[in-house]
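*Asks:* protein_21.cif is reproduced below (mmCIF, C-alpha atoms and all ligand atoms).
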```
data_target
#
loop_
_atom_site.group_PDB
_atom_site.id
_atom_site.type_symbol
_atom_site.label_atom_id
_atom_site.label_comp_id
_atom_site.auth_asym_id
_atom_site.auth_seq_id
_atom_site.Cartn_x
_atom_site.Cartn_y
_atom_site.Cartn_z
ATOM 1 C CA MET A 1 0.000 0.000 0.000
ATOM 2 C CA ILE A 2 1.223 3.505 -0.764
ATOM 3 C CA VAL A 3 0.224 7.044 0.243
ATOM 4 C CA VAL A 4 1.623 9.808 -1.974
ATOM 5 C CA ILE A 5 2.267 13.508 -1.451
ATOM 6 C CA ASP A 6 3.180 15.622 -4.466
ATOM 7 C CA GLY A 7 3.972 19.317 -4.556
ATOM 8 C CA PRO A 8 6.627 21.943 -5.303
ATOM 9 C CA ALA A 9 9.938 22.351 -3.448
ATOM 10 C CA GLY A 10 9.570 23.536 0.133
ATOM 11 C CA SER A 11 5.828 22.879 0.368
ATOM 12 C CA GLY A 12 6.314 20.655 3.411
ATOM 13 C CA LYS A 13 5.915 17.250 1.747
ATOM 14 C CA SER A 14 9.089 15.650 3.045
ATOM 15 C CA SER A 15 8.879 16.739 6.669
ATOM 16 C CA THR A 16 5.205 15.734 6.801
ATOM 17 C CA ALA A 17 5.748 12.363 5.122
ATOM 18 C CA ARG A 18 8.694 11.618 7.416
ATOM 19 C CA ALA A 19 6.662 12.482 10.517
ATOM 20 C CA VAL A 20 3.750 10.305 9.389
ATOM 21 C CA ALA A 21 6.124 7.411 8.623
ATOM 22 C CA HIS A 22 7.632 7.669 12.104
ATOM 23 C CA GLU A 23 4.252 7.889 13.795
ATOM 24 C CA LEU A 24 2.669 4.983 11.907
ATOM 25 C CA ASN A 25 5.865 2.941 11.750
ATOM 26 C CA ILE A 26 5.761 2.630 7.961
ATOM 27 C CA GLN A 27 8.402 3.209 5.280
ATOM 28 C CA TYR A 28 9.212 6.611 3.810
ATOM 29 C CA LEU A 29 10.358 7.206 0.240
ATOM 30 C CA ASP A 30 11.816 10.578 -0.782
ATOM 31 C CA SER A 31 11.707 10.384 -4.597
ATOM 32 C CA GLY A 32 13.384 13.788 -4.978
ATOM 33 C CA ALA A 33 16.410 12.386 -3.155
ATOM 34 C CA LEU A 34 16.748 9.718 -5.873
ATOM 35 C CA TYR A 35 16.716 12.376 -8.607
ATOM 36 C CA ARG A 36 19.310 14.253 -6.594
ATOM 37 C CA ALA A 37 21.421 11.078 -6.386
ATOM 38 C CA VAL A 38 21.434 10.673 -10.173
ATOM 39 C CA THR A 39 22.318 14.368 -10.523
ATOM 40 C CA TYR A 40 25.150 13.933 -8.022
ATOM 41 C CA LEU A 41 26.419 10.945 -10.027
ATOM 42 C CA PHE A 42 26.247 12.922 -13.269
ATOM 43 C CA LEU A 43 28.136 15.910 -11.835
ATOM 44 C CA LYS A 44 30.763 13.613 -10.348
ATOM 45 C CA SER A 45 31.189 11.596 -13.557
ATOM 46 C CA GLU A 46 32.189 14.662 -15.609
ATOM 47 C CA GLN A 47 30.875 12.811 -18.679
ATOM 48 C CA SER A 48 28.700 14.034 -21.523
ATOM 49 C CA LEU A 49 25.019 13.097 -21.077
ATOM 50 C CA PRO A 50 25.035 10.289 -23.720
ATOM 51 C CA LYS A 51 28.124 8.682 -22.129
ATOM 52 C CA PHE A 52 26.597 9.084 -18.692
ATOM 53 C CA PHE A 53 23.414 7.242 -19.756
ATOM 54 C CA GLU A 54 25.494 4.278 -20.925
ATOM 55 C CA SER A 55 26.753 3.823 -17.375
ATOM 56 C CA LEU A 56 23.569 4.784 -15.491
ATOM 57 C CA TYR A 57 22.112 1.271 -15.324
ATOM 58 C CA SER A 58 25.288 -0.115 -13.798
ATOM 59 C CA ALA A 59 24.926 2.291 -10.846
ATOM 60 C CA GLN A 60 23.768 0.667 -7.593
ATOM 61 C CA LEU A 61 21.280 3.166 -6.198
ATOM 62 C CA THR A 62 19.574 2.042 -2.993
ATOM 63 C CA PHE A 63 17.897 3.692 -0.024
ATOM 64 C CA LYS A 64 16.745 2.907 3.466
ATOM 65 C CA PHE A 65 14.663 4.669 6.066
ATOM 66 C CA ASP A 66 15.999 4.450 9.572
ATOM 67 C CA ASN A 67 15.203 7.672 11.348
ATOM 68 C CA GLU A 68 16.376 9.574 8.224
ATOM 69 C CA PHE A 69 15.973 8.747 4.524
ATOM 70 C CA GLN A 70 19.420 7.467 3.562
ATOM 71 C CA VAL A 71 20.630 7.283 -0.042
ATOM 72 C CA ILE A 72 23.433 4.912 -0.977
ATOM 73 C CA LEU A 73 25.161 5.090 -4.331
ATOM 74 C CA ASN A 74 27.668 2.377 -5.249
ATOM 75 C CA GLY A 75 28.196 1.735 -1.537
ATOM 76 C CA GLU A 76 28.717 5.408 -0.627
ATOM 77 C CA VAL A 77 26.215 7.124 1.691
ATOM 78 C CA ILE A 78 25.400 10.378 -0.116
ATOM 79 C CA THR A 79 22.479 11.572 2.023
ATOM 80 C CA GLU A 80 24.138 14.897 2.831
ATOM 81 C CA ALA A 81 26.025 15.384 -0.427
ATOM 82 C CA ILE A 82 22.802 15.424 -2.466
ATOM 83 C CA ARG A 83 21.635 18.573 -0.607
ATOM 84 C CA ASP A 84 24.522 20.572 -2.050
ATOM 85 C CA PRO A 85 23.386 23.740 -3.914
ATOM 86 C CA MET A 86 25.181 22.505 -7.072
ATOM 87 C CA VAL A 87 22.939 19.436 -7.069
ATOM 88 C CA SER A 88 19.868 21.630 -6.464
ATOM 89 C CA LEU A 89 20.884 23.806 -9.404
ATOM 90 C CA HIS A 90 21.007 20.904 -11.863
ATOM 91 C CA VAL A 91 18.442 18.434 -10.538
ATOM 92 C CA SER A 92 15.382 19.747 -12.400
ATOM 93 C CA GLY A 93 17.197 19.510 -15.736
ATOM 94 C CA ILE A 94 18.292 15.941 -15.033
ATOM 95 C CA ALA A 95 14.813 15.015 -13.755
ATOM 96 C CA ALA A 96 13.261 16.190 -17.035
ATOM 97 C CA ILE A 97 15.065 13.438 -18.994
ATOM 98 C CA ALA A 98 12.953 10.373 -19.850
ATOM 99 C CA LYS A 99 15.772 7.840 -19.342
ATOM 100 C CA VAL A 100 16.424 9.157 -15.841
ATOM 101 C CA ARG A 101 12.727 8.969 -14.950
ATOM 102 C CA GLU A 102 12.491 5.376 -16.239
ATOM 103 C CA PHE A 103 15.519 4.403 -14.157
ATOM 104 C CA ILE A 104 14.137 5.925 -10.944
ATOM 105 C CA ASN A 105 10.545 4.825 -11.477
ATOM 106 C CA ALA A 106 11.703 1.213 -11.827
ATOM 107 C CA ILE A 107 13.633 1.435 -8.534
ATOM 108 C CA MET A 108 10.623 2.952 -6.720
ATOM 109 C CA LYS A 109 8.015 0.541 -8.098
ATOM 110 C CA LYS A 110 10.142 -2.444 -7.136
ATOM 111 C CA ALA A 111 10.848 -1.131 -3.638
ATOM 112 C CA VAL A 112 7.258 -0.432 -2.620
ATOM 113 C CA GLN A 113 5.963 -3.899 -3.507
ATOM 114 C CA HIS A 114 6.735 -5.445 -0.152
ATOM 115 C CA ASP A 115 5.861 -2.839 2.469
ATOM 116 C CA VAL A 116 3.587 0.064 3.402
ATOM 117 C CA TYR A 117 4.993 3.383 2.211
ATOM 118 C CA ILE A 118 4.393 7.081 2.309
ATOM 119 C CA ALA A 119 6.243 8.766 -0.564
ATOM 120 C CA ASP A 120 6.705 12.328 -1.723
ATOM 121 C CA GLY A 121 7.601 13.805 -5.083
ATOM 122 C CA ARG A 122 6.236 15.592 -8.134
ATOM 123 C CA ASP A 123 4.563 12.960 -10.302
ATOM 124 C CA LEU A 124 3.771 10.136 -7.898
ATOM 125 C CA GLY A 125 -0.002 10.603 -8.022
ATOM 126 C CA THR A 126 -0.088 11.238 -11.770
ATOM 127 C CA ALA A 127 2.519 8.936 -13.313
ATOM 128 C CA VAL A 128 4.235 6.572 -10.902
ATOM 129 C CA PHE A 129 1.495 5.406 -8.532
ATOM 130 C CA PRO A 130 -1.766 6.562 -10.201
ATOM 131 C CA ASN A 131 -3.698 3.886 -8.298
ATOM 132 C CA ALA A 132 -2.574 5.026 -4.844
ATOM 133 C CA LYS A 133 -5.617 5.074 -2.555
ATOM 134 C CA CYS A 134 -4.506 8.194 -0.673
ATOM 135 C CA LYS A 135 -3.132 11.195 -2.579
ATOM 136 C CA PHE A 136 -2.229 14.637 -1.283
ATOM 137 C CA PHE A 137 -0.996 17.748 -3.091
ATOM 138 C CA MET A 138 0.807 20.315 -0.946
ATOM 139 C CA ILE A 139 1.406 23.921 -1.922
ATOM 140 C CA ALA A 140 2.657 27.081 -0.170
ATOM 141 C CA ASP A 141 3.613 30.653 -1.139
ATOM 142 C CA LEU A 142 6.941 30.992 -2.917
ATOM 143 C CA GLU A 143 8.505 33.158 -0.179
ATOM 144 C CA THR A 144 7.415 30.768 2.576
ATOM 145 C CA ARG A 145 8.931 27.831 0.709
ATOM 146 C CA ALA A 146 12.172 29.709 0.056
ATOM 147 C CA LYS A 147 12.438 30.663 3.746
ATOM 148 C CA ARG A 148 11.970 27.036 4.798
ATOM 149 C CA ARG A 149 14.650 25.800 2.373
ATOM 150 C CA PHE A 150 17.020 28.602 3.400
ATOM 151 C CA LEU A 151 16.707 27.629 7.090
ATOM 152 C CA GLU A 152 17.183 23.926 6.257
ATOM 153 C CA LEU A 153 20.379 24.709 4.349
ATOM 154 C CA LYS A 154 21.636 26.988 7.133
ATOM 155 C CA ASN A 155 21.075 24.125 9.590
ATOM 156 C CA LEU A 156 23.213 21.949 7.323
ATOM 157 C CA LYS A 157 25.873 24.729 7.534
ATOM 158 C CA LYS A 158 25.624 25.450 3.796
ATOM 159 C CA ASP A 159 26.917 28.842 2.691
ATOM 160 C CA VAL A 160 23.844 30.192 0.845
ATOM 161 C CA SER A 161 21.956 33.477 0.659
ATOM 162 C CA TYR A 162 18.173 33.773 0.877
ATOM 163 C CA SER A 163 18.050 35.381 -2.577
ATOM 164 C CA SER A 164 19.948 32.494 -4.185
ATOM 165 C CA VAL A 165 17.582 29.965 -2.589
ATOM 166 C CA LEU A 166 14.557 31.975 -3.766
ATOM 167 C CA LYS A 167 15.930 32.081 -7.312
ATOM 168 C CA SER A 168 16.731 28.359 -7.274
ATOM 169 C CA ILE A 169 13.200 27.461 -6.122
ATOM 170 C CA LYS A 170 11.646 29.767 -8.747
ATOM 171 C CA ASN A 171 13.676 28.089 -11.481
ATOM 172 C CA ARG A 172 12.854 24.619 -10.228
ATOM 173 C CA ASP A 173 9.128 25.442 -10.053
ATOM 174 C CA LYS A 174 9.245 26.603 -13.652
ATOM 175 C CA SER A 175 10.921 23.421 -14.815
ATOM 176 C CA ASP A 176 8.899 21.042 -12.601
ATOM 177 C CA TYR A 177 5.497 22.503 -13.601
ATOM 178 C CA ASN A 178 6.257 22.939 -17.308
ATOM 179 C CA ARG A 179 8.395 20.028 -18.388
ATOM 180 C CA LYS A 180 6.998 17.741 -21.105
ATOM 181 C CA ILE A 181 7.376 14.452 -19.216
ATOM 182 C CA SER A 182 5.409 13.946 -15.992
ATOM 183 C CA PRO A 183 5.096 17.599 -14.976
ATOM 184 C CA LEU A 184 4.101 18.552 -11.444
ATOM 185 C CA LYS A 185 0.298 18.500 -11.475
ATOM 186 C CA LYS A 186 -2.506 17.931 -9.013
ATOM 187 C CA THR A 187 -4.755 14.979 -9.818
ATOM 188 C CA LYS A 188 -8.537 15.237 -9.369
ATOM 189 C CA ASP A 189 -8.460 12.580 -6.683
ATOM 190 C CA SER A 190 -5.821 14.240 -4.480
ATOM 191 C CA LEU A 191 -6.531 16.443 -1.479
ATOM 192 C CA LEU A 192 -5.073 19.956 -1.754
ATOM 193 C CA ILE A 193 -3.323 21.270 1.368
ATOM 194 C CA ASN A 194 -2.002 24.836 1.472
ATOM 195 C CA THR A 195 0.744 24.776 4.110
ATOM 196 C CA THR A 196 1.670 28.491 3.994
ATOM 197 C CA ASN A 197 0.296 29.183 7.456
ATOM 198 C CA LEU A 198 0.526 25.686 8.866
ATOM 199 C CA THR A 199 3.110 24.481 11.362
ATOM 200 C CA LYS A 200 4.865 21.156 10.771
ATOM 201 C CA ARG A 201 2.595 19.633 13.411
ATOM 202 C CA ALA A 202 -0.555 20.965 11.676
ATOM 203 C CA CYS A 203 0.625 19.503 8.330
ATOM 204 C CA PHE A 204 1.191 16.185 10.032
ATOM 205 C CA LEU A 205 -2.301 16.189 11.565
ATOM 206 C CA LYS A 206 -3.929 16.935 8.183
ATOM 207 C CA ILE A 207 -2.523 13.713 6.752
ATOM 208 C CA LYS A 208 -2.432 11.389 9.706
HETATM 209 O O1 LIG B 1 11.909 17.105 -3.534
HETATM 210 P P1 LIG B 1 13.224 17.742 -4.022
HETATM 211 O O2 LIG B 1 13.164 19.235 -4.043
HETATM 212 O O3 LIG B 1 14.414 17.205 -3.324
HETATM 213 O O4 LIG B 1 13.331 17.262 -5.552
HETATM 214 C C1 LIG B 1 14.427 17.570 -6.354
HETATM 215 C C2 LIG B 1 14.022 17.626 -7.814
HETATM 216 O O5 LIG B 1 13.691 16.310 -8.271
HETATM 217 C C3 LIG B 1 12.824 18.494 -8.163
HETATM 218 O O6 LIG B 1 13.207 19.789 -8.559
HETATM 219 C C4 LIG B 1 12.174 17.781 -9.298
HETATM 220 C C5 LIG B 1 12.654 16.376 -9.229
HETATM 221 N N1 LIG B 1 11.619 15.405 -8.882
HETATM 222 C C6 LIG B 1 10.854 14.909 -9.905
HETATM 223 O O7 LIG B 1 11.006 15.327 -11.040
HETATM 224 N N2 LIG B 1 9.948 13.937 -9.650
HETATM 225 C C7 LIG B 1 9.748 13.470 -8.410
HETATM 226 N N3 LIG B 1 8.846 12.502 -8.214
HETATM 227 C C8 LIG B 1 10.511 13.989 -7.349
HETATM 228 C C9 LIG B 1 11.428 14.985 -7.612
#
```
In structure tokens, write the structure found in this file.
*Replies:*
Amino acid sequence: MIVVIDGPAGSGKSSTARAVAHELNIQYLDSGALYRAVTYLFLKSEQSLPKFFESLYSAQLTFKFDNEFQVILNGEVITEAIRDPMVSLHVSGIAAIAKVREFINAIMKKAVQHDVYIADGRDLGTAVFPNAKCKFFMIADLETRAKRRFLELKNLKKDVSYSSVLKSIKNRDKSDYNRKISPLKKTKDSLLINTTNLTKRACFLKIK
């Protein structure tokens, strides 16, 4: 069984999904983290895109949820590295590529077969798990989302300015909502939650 939460960056999906997973003792899947992992691999490979695709399927990309959502790439834990602003800058472009989406969708569909999951992303309700029984779509004002991301990055001791985070989120919104393949879109059967004025606890209670 799977519950999905889609929405733009900083809308509160991940923190809510994580809290629900902890409370209900179920698995959590952060699909954005997998797109970040592929982006990290691409940046590290220093290859052209066609060459990179040749090697993509030999990459061992796995994840586990124990307290935090951990991403492991070829044996290396990259949970923190994928939050780097360079990865954030390039991830929407990489996520717009069909081959990348096929690769990640296959990993996610296989993983959720054997457990109960709550997952967050952009296209989970529309493209990846259209038959999910419980679908949510979270939104919030741009400035609120940028402030949340800025504080998260500051907590991770990243050297970023608020204006650069705002710009990055604006650009990602544009790409995520307008890309040709699996754009960010609310489905008719998902519940809309505007988190602009909601605390983390209030978001959690809306879904739980
Ligand atoms: O949730 P996040 O901000 O870490 O996601 C990073 C990027 O990954 C986001 O800009 C778009 C992409 N993404 C996607 O295309 N599809 C998903 N299901 C999840 C994320």
*Asks:* Carefully work through the PyMOL selection byres (((chain A and resi 131-146) around 9) and not hetatm) for this structure and note down the residues it includes, as a PyMOL selection string.
*Replies:* chain A and resi 1-13+124-126+128-130+147-151+162-163+165-170+185-187+189-197+207
*Asks:* Quick one: 6 Å padding each side, axis-aligned, all listed atoms of ligand LIG 1 (chain B) - centre and edge lengths in Å to one decimal, as JSON?
*Replies:*
```
{"center_x": 11.6, "center_y": 16.1, "center_z": -7.2, "size_x": 17.6, "size_y": 19.3, "size_z": 19.7}
```
*Asks:* Around ligand LIG 1 (chain B), which protein and nucleic acid residues have at least one atom no more than 6 Å from it, if we count only C-alpha atoms and all ligand atoms? List them as JSON, numbers by chain.
*Replies:* {"A": [9, 31, 32, 33, 35, 36, 91, 92, 95, 121, 122, 123, 124, 172, 176]}
*Asks:* Need the shell around Leu24 (chain A): protein/DNA/RNA residues with any atom at most 10 Å away, counting only C-alpha atoms. Skip same-chain ones fewer than 3 positions apart. Format as a short mmCIF file (atom, residue, chain, number, x, y, z; two decimals) with C-alpha atoms, in the coordinates of the input?
*Replies:*
```cif
data_model
loop_
_atom_site.label_atom_id
_atom_site.label_comp_id
_atom_site.auth_asym_id
_atom_site.auth_seq_id
_atom_site.Cartn_x
_atom_site.Cartn_y
_atom_site.Cartn_z
CA ALA A 19 6.66 12.48 10.52
CA VAL A 20 3.75 10.30 9.39
CA ALA A 21 6.12 7.41 8.62
CA GLN A 27 8.40 3.21 5.28
CA VAL A 116 3.59 0.06 3.40
CA ILE A 118 4.39 7.08 2.31
CA LYS A 208 -2.43 11.39 9.71
#
```
*Asks:* Work out how far apart CA of Gly75 (chain A) and CA of Thr16 (chain A) are and give it in Å to one decimal.
*Replies:* 28.2 Å
*Asks:* Select, from A:Ser45, A:Gln70, A:Thr79, A:Ser161, the residue with the minimum atom-to-atom distance to Tyr28 (chain A), counting all atoms listed in the file.
*Replies:*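 With all atoms listed in the file as the atom set, the closest residue is A:Gln70.
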*Asks:* Of the candidates A:Leu198, A:Leu29, A:Ile181, A:Val112, which shows the shortest atom-to-atom distance to Phe65 (chain A), using only C-alpha atoms?
*Replies:*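 Nearest candidate to Phe65 (chain A) out of A:Leu198, A:Leu29, A:Ile181, A:Val112: A:Leu29.
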*Asks:* Kindly provide, as an NGL selection string, the polymer residues lying within 9 Å of (21.0, 19.8, -7.8), counting all atoms listed in the file and using the coordinates exactly as they appear in the file.
*Replies:* :A and (35-37 or 39-40 or 82-94)
*Asks:* Work out how far CA of Ala98 (chain A) is from CA of Val71 (chain A), in Å to one decimal.
*Replies:*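 Here the two named atoms are 21.5 Å from each other.
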*Asks:* Just the number, please: distance in Å from CA of Lys44 (chain A) to CA of Leu61 (chain A), one decimal.
*Replies:*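 That distance, rounded to one decimal, is 14.7 Å.
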*Asks:* Can you build me a table of region 60-179 of chain A residues sitting at most 12 Å from region 50-55 of chain A, with the closest atom pair per residue and its distance in Å to one decimal, using all atoms listed in the file, sorted by chain and residue number, as CSV?
*Replies:*
```
residue,atom,partner,partner_atom,distance
A:Gln60,CA,A:Ser55,CA,10.7
A:Ile94,CA,A:Phe53,CA,11.1
A:Ile97,CA,A:Phe53,CA,10.4
A:Ala98,CA,A:Phe53,CA,10.9
A:Lys99,CA,A:Phe53,CA,7.7
A:Val100,CA,A:Phe53,CA,8.2
A:Arg101,CA,A:Phe53,CA,11.8
A:Glu102,CA,A:Phe53,CA,11.6
A:Phe103,CA,A:Phe53,CA,10.1
```
*Asks:* I need the residue nearest Lys200 (chain A) from this list: A:Lys109, A:Lys154, A:Arg18, A:Lys188. Use all atoms listed in the file for the distance.
*Replies:*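 Ranked by minimum distance to Lys200 (chain A), first place goes to A:Arg18.
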